file model_39.pdb (PDB, C-alpha atoms)
ATOM      1  CA  MET A   1      28.332 -19.132 -16.041
ATOM      2  CA  LYS A   2      26.690 -21.217 -13.360
ATOM      3  CA  GLN A   3      27.080 -18.380 -10.843
ATOM      4  CA  LYS A   4      25.271 -15.913 -13.126
ATOM      5  CA  LYS A   5      22.383 -18.346 -13.636
ATOM      6  CA  LYS A   6      22.083 -18.760  -9.873
ATOM      7  CA  GLN A   7      22.011 -14.974  -9.378
ATOM      8  CA  ASN A   8      19.273 -14.583 -12.009
ATOM      9  CA  HIS A   9      17.264 -17.299 -10.267
ATOM     10  CA  LYS A  10      17.604 -15.471  -6.928
ATOM     11  CA  LEU A  11      16.444 -12.222  -8.542
ATOM     12  CA  TYR A  12      13.465 -13.880 -10.206
ATOM     13  CA  GLY A  13      12.610 -15.741  -7.010
ATOM     14  CA  GLY A  14      12.650 -12.471  -5.059
ATOM     15  CA  PHE A  15      10.201 -10.886  -7.461
ATOM     16  CA  GLN A  16       8.053 -14.010  -7.376
ATOM     17  CA  TYR A  17       7.828 -13.838  -3.577
ATOM     18  CA  ALA A  18       7.073 -10.128  -3.688
ATOM     19  CA  PHE A  19       4.239 -10.584  -6.189
ATOM     20  CA  ALA A  20       2.885 -13.491  -4.130
ATOM     21  CA  GLY A  21       2.846 -11.200  -1.081
ATOM     22  CA  ILE A  22       0.973  -8.490  -2.966
ATOM     23  CA  VAL A  23      -1.574 -10.992  -4.290
ATOM     24  CA  THR A  24      -2.020 -12.475  -0.815
ATOM     25  CA  GLY A  25      -2.579  -9.010   0.627
ATOM     26  CA  LEU A  26      -5.166  -8.179  -2.032
ATOM     27  CA  LYS A  27      -6.991 -11.488  -1.618
ATOM     28  CA  GLN A  28      -7.018 -11.687   2.169
ATOM     29  CA  GLU A  29      -7.007  -8.137   3.501
ATOM     30  CA  GLN A  30     -10.147  -6.021   3.209
ATOM     31  CA  ASN A  31      -8.169  -2.822   3.871
ATOM     32  CA  MET A  32      -5.734  -3.645   1.061
ATOM     33  CA  LYS A  33      -8.668  -4.039  -1.330
ATOM     34  CA  MET A  34      -9.995  -0.670  -0.195
ATOM     35  CA  HIS A  35      -6.591   0.972  -0.725
ATOM     36  CA  ALA A  36      -6.381  -0.536  -4.216
ATOM     37  CA  VAL A  37      -9.846   0.800  -5.102
ATOM     38  CA  MET A  38      -8.951   4.228  -3.724
ATOM     39  CA  THR A  39      -5.735   4.201  -5.757
ATOM     40  CA  ALA A  40      -7.733   3.432  -8.899
ATOM     41  CA  LEU A  41     -10.102   6.316  -8.090
ATOM     42  CA  VAL A  42      -7.167   8.673  -7.553
ATOM     43  CA  VAL A  43      -5.710   7.672 -10.932
ATOM     44  CA  ILE A  44      -9.066   8.174 -12.668
ATOM     45  CA  ALA A  45      -9.510  11.555 -10.966
ATOM     46  CA  GLY A  46      -5.946  12.487 -11.913
ATOM     47  CA  PHE A  47      -6.660  11.868 -15.597
ATOM     48  CA  PHE A  48     -10.049  13.578 -15.413
ATOM     49  CA  PHE A  49      -8.719  16.730 -13.756
ATOM     50  CA  HIS A  50      -5.406  16.789 -15.677
ATOM     51  CA  ILE A  51      -3.271  17.070 -12.551
ATOM     52  CA  SER A  52       0.299  18.308 -12.901
ATOM     53  CA  MET A  53       3.375  16.088 -12.970
ATOM     54  CA  THR A  54       4.197  17.093  -9.401
ATOM     55  CA  GLU A  55       0.662  16.272  -8.276
ATOM     56  CA  TRP A  56       0.913  12.887 -10.023
ATOM     57  CA  CYS A  57       4.146  12.148  -8.200
ATOM     58  CA  ILE A  58       2.640  13.095  -4.850
ATOM     59  CA  CYS A  59      -0.541  11.074  -5.407
ATOM     60  CA  LEU A  60       1.240   7.968  -6.672
ATOM     61  CA  LEU A  61       3.846   8.124  -3.931
ATOM     62  CA  LEU A  62       1.189   8.369  -1.232
ATOM     63  CA  CYS A  63      -0.893   5.556  -2.741
ATOM     64  CA  GLY A  64       2.174   3.343  -2.979
ATOM     65  CA  LEU A  65       3.217   4.145   0.572
ATOM     66  CA  ILE A  66      -0.222   3.319   1.939
ATOM     67  CA  MET A  67      -0.360  -0.034   0.161
ATOM     68  CA  ALA A  68       3.205  -0.893   1.152
ATOM     69  CA  LEU A  69       2.549   0.020   4.777
ATOM     70  CA  GLU A  70      -0.656  -2.031   4.723
ATOM     71  CA  LEU A  71       1.409  -5.036   3.623
ATOM     72  CA  VAL A  72       3.853  -4.390   6.471
ATOM     73  CA  ASN A  73       0.905  -4.187   8.860
ATOM     74  CA  THR A  74      -0.353  -7.525   7.552
ATOM     75  CA  ALA A  75       3.103  -9.040   8.032
ATOM     76  CA  VAL A  76       3.310  -7.756  11.613
ATOM     77  CA  GLU A  77      -0.115  -9.198  12.403
ATOM     78  CA  ALA A  78       0.822 -12.559  10.864
ATOM     79  CA  VAL A  79       4.093 -12.775  12.810
ATOM     80  CA  VAL A  80       2.371 -11.880  16.070
ATOM     81  CA  ASP A  81      -0.295 -14.522  15.423
ATOM     82  CA  LEU A  82       2.419 -17.040  14.552
ATOM     83  CA  VAL A  83       4.309 -16.389  17.777
ATOM     84  CA  THR A  84       1.371 -16.495  20.164
ATOM     85  CA  GLU A  85      -2.309 -17.291  20.194
ATOM     86  CA  GLU A  86      -2.674 -15.889  23.692
ATOM     87  CA  ARG A  87      -3.739 -12.337  24.355
ATOM     88  CA  LYS A  88      -0.576 -10.570  25.414
ATOM     89  CA  PRO A  89      -0.079  -6.835  25.989
ATOM     90  CA  LEU A  90       3.018  -6.679  23.756
ATOM     91  CA  ALA A  91       1.218  -8.503  20.939
ATOM     92  CA  LYS A  92      -1.603  -5.982  21.178
ATOM     93  CA  ILE A  93       0.871  -3.084  21.086
ATOM     94  CA  ALA A  94       2.568  -4.516  17.985
ATOM     95  CA  LYS A  95      -0.709  -5.006  16.126
ATOM     96  CA  ASP A  96      -2.263  -1.712  17.214
ATOM     97  CA  THR A  97       0.753   0.433  16.408
ATOM     98  CA  ALA A  98       1.196  -1.170  12.985
ATOM     99  CA  ALA A  99      -2.475  -0.483  12.228
ATOM    100  CA  GLY A 100      -2.075   3.027  13.622
ATOM    101  CA  ALA A 101       0.811   3.709  11.251
ATOM    102  CA  VAL A 102      -1.387   2.866   8.255
ATOM    103  CA  PHE A 103      -4.205   4.991   9.662
ATOM    104  CA  ILE A 104      -1.958   8.039  10.149
ATOM    105  CA  LEU A 105      -0.643   7.790   6.602
ATOM    106  CA  ALA A 106      -4.182   7.352   5.256
ATOM    107  CA  ILE A 107      -5.405  10.464   7.100
ATOM    108  CA  PHE A 108      -2.531  12.623   5.869
ATOM    109  CA  SER A 109      -2.938  11.219   2.355
ATOM    110  CA  ALA A 110      -6.629  12.104   2.402
ATOM    111  CA  VAL A 111      -5.828  15.646   3.530
ATOM    112  CA  ILE A 112      -3.231  16.014   0.776
ATOM    113  CA  GLY A 113      -5.720  14.543  -1.717
ATOM    114  CA  CYS A 114      -8.228  17.208  -0.674
ATOM    115  CA  ILE A 115      -5.608  19.927  -1.107
ATOM    116  CA  ILE A 116      -4.888  18.673  -4.626
ATOM    117  CA  PHE A 117      -8.383  17.749  -5.817
ATOM    118  CA  LEU A 118     -10.881  20.011  -3.993
ATOM    119  CA  PRO A 119      -9.936  23.188  -5.901
ATOM    120  CA  LYS A 120     -10.240  21.247  -9.158
ATOM    121  CA  VAL A 121     -13.640  19.809  -8.158
ATOM    122  CA  ILE A 122     -14.887  23.259  -7.132
ATOM    123  CA  ALA A 123     -13.688  24.781 -10.414
ATOM    124  CA  TRP A 124     -15.356  21.944 -12.354
ATOM    125  CA  ILE A 125     -18.678  22.486 -10.551
TER     126      ILE A 125
END
call {"tool": "encode", "arguments": {"input": "model_39.pdb", "output": "structure tokens"}}
result
Amino acid sequence: MKQKKKQNHKLYGGFQYAFAGIVTGLKQEQNMKMHAVMTALVVIAGFFFHISMTEWCICLLLCGLIMALELVNTAVEAVVDLVTEERKPLAKIAKDTAAGAVFILAIFSAVIGCIIFLPKVIAWI
């Protein structure tokens, strides 16, 4: 019985840390706030334009991926800052490529969002 209680505590603790990370990202990272606002706008637009189930899945997946990758980017930046305060070429590469990964996903997500929503906006106008 004790073992099961310990496992439940580990599971709860893992979720607690995950939620703390999300809250930290939302509080401290301007880009994370922007991604959260954009996600809310996508959801509102999805309801307004009655997008299909497939379109919902695509939109929600992309929004989730962007926010998750933004959290990874934040973690990379924090680890680099923890390891060194000096300007080092490898630290710059780590930070820049992590930010670049988020940027690439955001660009492709925006293009896909246009593919999904522009025809609906044009038809509505």
call {"tool": "residues_around", "arguments": {"input": "model_39.pdb", "residues": "range 23-25 of chain A", "least_positions_apart": "3", "cutoff": "12 Å", "atoms": "only C-alpha atoms", "output": "PyMOL selection string"}}
result
chain A and resi 16-20+28-36+67-75+78
call {"tool": "write_last_selection", "arguments": {"input": "model_39.pdb", "atoms": "C-alpha atoms", "output": "compact mmCIF listing (two decimals), keeping the file's coordinate frame"}}
result
# COMPACT_ATOMS: atom_id res chain seq x y z
CA GLN A 16 8.05 -14.01 -7.38
CA TYR A 17 7.83 -13.84 -3.58
CA ALA A 18 7.07 -10.13 -3.69
CA PHE A 19 4.24 -10.58 -6.19
CA ALA A 20 2.88 -13.49 -4.13
CA GLN A 28 -7.02 -11.69 2.17
CA GLU A 29 -7.01 -8.14 3.50
CA GLN A 30 -10.15 -6.02 3.21
CA ASN A 31 -8.17 -2.82 3.87
CA MET A 32 -5.73 -3.64 1.06
CA LYS A 33 -8.67 -4.04 -1.33
CA MET A 34 -9.99 -0.67 -0.20
CA HIS A 35 -6.59 0.97 -0.72
CA ALA A 36 -6.38 -0.54 -4.22
CA MET A 67 -0.36 -0.03 0.16
CA ALA A 68 3.20 -0.89 1.15
CA LEU A 69 2.55 0.02 4.78
CA GLU A 70 -0.66 -2.03 4.72
CA LEU A 71 1.41 -5.04 3.62
CA VAL A 72 3.85 -4.39 6.47
CA ASN A 73 0.90 -4.19 8.86
CA THR A 74 -0.35 -7.52 7.55
CA ALA A 75 3.10 -9.04 8.03
CA ALA A 78 0.82 -12.56 10.86
call {"tool": "resolve_selection", "arguments": {"input": "model_39.pdb", "expression": "the PyMOL selection byres ((chain A and resi 96-98) around 9)", "output": "PDB file with C-alpha atoms, in the coordinates of the input"}}
result
ATOM      1  CA  LEU A  69       2.549   0.020   4.777  1.00  0.00           C
ATOM      2  CA  GLU A  70      -0.656  -2.031   4.723  1.00  0.00           C
ATOM      3  CA  VAL A  72       3.853  -4.390   6.471  1.00  0.00           C
ATOM      4  CA  ASN A  73       0.905  -4.187   8.860  1.00  0.00           C
ATOM      5  CA  THR A  74      -0.353  -7.525   7.552  1.00  0.00           C
ATOM      6  CA  VAL A  76       3.310  -7.756  11.613  1.00  0.00           C
ATOM      7  CA  GLU A  77      -0.115  -9.198  12.403  1.00  0.00           C
ATOM      8  CA  ALA A  91       1.218  -8.503  20.939  1.00  0.00           C
ATOM      9  CA  LYS A  92      -1.603  -5.982  21.178  1.00  0.00           C
ATOM     10  CA  ILE A  93       0.871  -3.084  21.086  1.00  0.00           C
ATOM     11  CA  ALA A  94       2.568  -4.516  17.985  1.00  0.00           C
ATOM     12  CA  LYS A  95      -0.709  -5.006  16.126  1.00  0.00           C
ATOM     13  CA  ALA A  99      -2.475  -0.483  12.228  1.00  0.00           C
ATOM     14  CA  GLY A 100      -2.075   3.027  13.622  1.00  0.00           C
ATOM     15  CA  ALA A 101       0.811   3.709  11.251  1.00  0.00           C
ATOM     16  CA  VAL A 102      -1.387   2.866   8.255  1.00  0.00           C
ATOM     17  CA  PHE A 103      -4.205   4.991   9.662  1.00  0.00           C
TER      18      PHE A 103
END
call {"tool": "closest_residue", "arguments": {"input": "model_39.pdb", "among": "A:Lys88, A:Leu26, A:Phe48, A:Leu105", "to": "Leu62 in chain A", "atoms": "only C-alpha atoms"}}
result
A:Leu105
call {"tool": "resolve_selection", "arguments": {"input": "model_39.pdb", "expression": "the PyMOL selection byres ((chain A and resi 111-125) around 12)", "output": "number ranges by chain"}}
result
A: 38-39, 41-52, 54-63, 104-110
call {"tool": "atom_distance", "arguments": {"input": "model_39.pdb", "atom1": "CA of Ile22 in chain A", "atom2": "CA of Arg87 in chain A"}}
result
28.0 Å
call {"tool": "atom_distance", "arguments": {"input": "model_39.pdb", "atom1": "CA of Val37 in chain A", "atom2": "CA of Gly21 in chain A"}}
result
17.9 Å
call {"tool": "axis_aligned_box", "arguments": {"input": "model_39.pdb", "around": "range 34-48 of chain A", "padding_each_side": "6 Å", "output": "lines of an AutoDock Vina configuration file"}}
result
center_x = -7.9
center_y = 6.5
center_z = -7.9
size_x = 16.4
size_y = 26.2
size_z = 27.4
call {"tool": "atom_distance", "arguments": {"input": "model_39.pdb", "atom1": "CA of Val80 in chain A", "atom2": "CA of Lys27 in chain A"}}
result
20.0 Å
call {"tool": "decode", "arguments": {"input": "model_39.pdb", "residues": "chain A", "atoms": "C-alpha atoms", "output": "short mmCIF file (atom, residue, chain, number, x, y, z; two decimals), in the first residue's frame"}}
result
data_model
loop_
_atom_site.label_atom_id
_atom_site.label_comp_id
_atom_site.auth_asym_id
_atom_site.auth_seq_id
_atom_site.Cartn_x
_atom_site.Cartn_y
_atom_site.Cartn_z
CA MET A 1 0.00 0.00 0.00
CA LYS A 2 2.84 2.35 0.82
CA GLN A 3 4.35 1.80 -2.64
CA LYS A 4 1.11 2.80 -4.38
CA LYS A 5 0.85 5.98 -2.30
CA LYS A 6 4.42 6.87 -3.24
CA GLN A 7 3.67 6.32 -6.94
CA ASN A 8 0.58 8.55 -6.75
CA HIS A 9 2.68 11.24 -5.07
CA LYS A 10 5.27 11.04 -7.87
CA LEU A 11 2.52 11.36 -10.49
CA TYR A 12 0.93 14.33 -8.74
CA GLY A 13 4.33 15.94 -8.22
CA GLY A 14 5.11 15.58 -11.92
CA PHE A 15 1.91 17.34 -12.88
CA GLN A 16 2.57 20.01 -10.27
CA TYR A 17 6.00 20.72 -11.76
CA ALA A 18 4.58 20.77 -15.27
CA PHE A 19 1.86 23.27 -14.34
CA ALA A 20 4.44 25.40 -12.51
CA GLY A 21 6.54 25.44 -15.69
CA ILE A 22 3.57 26.51 -17.80
CA VAL A 23 2.65 29.26 -15.34
CA THR A 24 6.26 30.45 -15.20
CA GLY A 25 6.40 30.56 -18.99
CA LEU A 26 3.18 32.56 -19.18
CA LYS A 27 4.26 35.00 -16.47
CA GLN A 28 7.84 35.58 -17.59
CA GLU A 29 7.95 35.11 -21.35
CA GLN A 30 6.41 37.74 -23.61
CA ASN A 31 6.39 35.33 -26.57
CA MET A 32 4.50 32.72 -24.53
CA LYS A 33 1.85 35.32 -23.71
CA MET A 34 1.59 36.16 -27.40
CA HIS A 35 1.22 32.47 -28.33
CA ALA A 36 -1.51 32.06 -25.70
CA VAL A 37 -3.41 35.07 -27.07
CA MET A 38 -3.05 33.77 -30.62
CA THR A 39 -4.32 30.36 -29.50
CA ALA A 40 -7.37 32.01 -27.96
CA LEU A 41 -7.98 33.91 -31.22
CA VAL A 42 -7.67 30.70 -33.23
CA VAL A 43 -10.22 29.00 -30.96
CA ILE A 44 -12.63 31.93 -31.25
CA ALA A 45 -12.20 31.99 -35.03
CA GLY A 46 -12.70 28.22 -35.13
CA PHE A 47 -16.06 28.52 -33.38
CA PHE A 48 -17.08 31.53 -35.46
CA PHE A 49 -16.28 29.90 -38.80
CA HIS A 50 -17.46 26.39 -37.78
CA ILE A 51 -14.23 24.70 -38.85
CA SER A 52 -14.27 20.95 -39.43
CA MET A 53 -13.05 18.34 -36.96
CA THR A 54 -9.89 17.85 -39.02
CA GLU A 55 -9.26 21.60 -39.08
CA TRP A 56 -9.77 21.73 -35.30
CA CYS A 57 -7.22 18.96 -34.83
CA ILE A 58 -4.69 20.72 -37.05
CA CYS A 59 -5.18 24.11 -35.37
CA LEU A 60 -5.03 22.76 -31.82
CA LEU A 61 -2.04 20.57 -32.58
CA LEU A 62 -0.11 23.49 -34.07
CA CYS A 63 -1.02 25.82 -31.19
CA GLY A 64 0.04 23.20 -28.67
CA LEU A 65 3.29 22.53 -30.50
CA ILE A 66 4.16 26.21 -30.63
CA MET A 67 3.55 26.71 -26.92
CA ALA A 68 5.42 23.53 -26.01
CA LEU A 69 8.37 24.50 -28.19
CA GLU A 70 8.36 27.99 -26.66
CA LEU A 71 8.69 26.37 -23.23
CA VAL A 72 11.59 24.27 -24.50
CA ASN A 73 13.19 27.43 -25.87
CA THR A 74 12.79 29.08 -22.47
CA ALA A 75 14.37 26.05 -20.80
CA VAL A 76 17.33 26.11 -23.19
CA GLU A 77 17.87 29.82 -22.55
CA ALA A 78 17.68 29.30 -18.78
CA VAL A 79 20.18 26.42 -18.83
CA VAL A 80 22.60 28.39 -21.00
CA ASP A 81 22.33 31.37 -18.65
CA LEU A 82 22.84 29.07 -15.67
CA VAL A 83 25.99 27.55 -17.15
CA THR A 84 27.68 30.76 -18.23
CA GLU A 85 27.26 34.49 -17.96
CA GLU A 86 29.99 35.08 -20.51
CA ARG A 87 29.28 35.56 -24.18
CA LYS A 88 30.31 32.31 -25.79
CA PRO A 89 29.76 31.22 -29.40
CA LEU A 90 28.22 27.87 -28.40
CA ALA A 91 25.84 29.57 -25.96
CA LYS A 92 24.72 31.89 -28.74
CA ILE A 93 24.19 28.94 -31.10
CA ALA A 94 22.09 27.12 -28.49
CA LYS A 95 19.89 30.15 -27.80
CA ASP A 96 19.56 31.21 -31.44
CA THR A 97 18.71 27.78 -32.78
CA ALA A 98 16.12 27.17 -30.06
CA ALA A 99 14.50 30.51 -30.90
CA GLY A 100 14.76 29.68 -34.59
CA ALA A 101 12.89 26.42 -34.06
CA VAL A 102 9.96 28.30 -32.52
CA PHE A 103 10.05 30.85 -35.33
CA ILE A 104 9.97 28.18 -38.06
CA LEU A 105 7.00 26.45 -36.44
CA ALA A 106 5.22 29.80 -36.02
CA ILE A 107 5.71 30.68 -39.70
CA PHE A 108 4.43 27.32 -40.93
CA SER A 109 1.53 27.48 -38.47
CA ALA A 110 0.59 30.92 -39.77
CA VAL A 111 0.67 29.66 -43.35
CA ILE A 112 -1.51 26.68 -42.43
CA GLY A 113 -3.83 29.03 -40.51
CA CYS A 114 -4.19 31.13 -43.66
CA ILE A 115 -4.95 28.03 -45.72
CA ILE A 116 -7.69 27.07 -43.26
CA PHE A 117 -9.16 30.48 -42.42
CA LEU A 118 -8.66 32.75 -45.47
CA PRO A 119 -11.26 30.99 -47.65
CA LYS A 120 -13.73 31.19 -44.77
CA VAL A 121 -12.99 34.90 -44.20
CA ILE A 122 -13.37 35.63 -47.92
CA ALA A 123 -16.67 33.74 -48.06
CA TRP A 124 -17.89 35.61 -44.96
CA ILE A 125 -17.02 38.99 -46.50
#
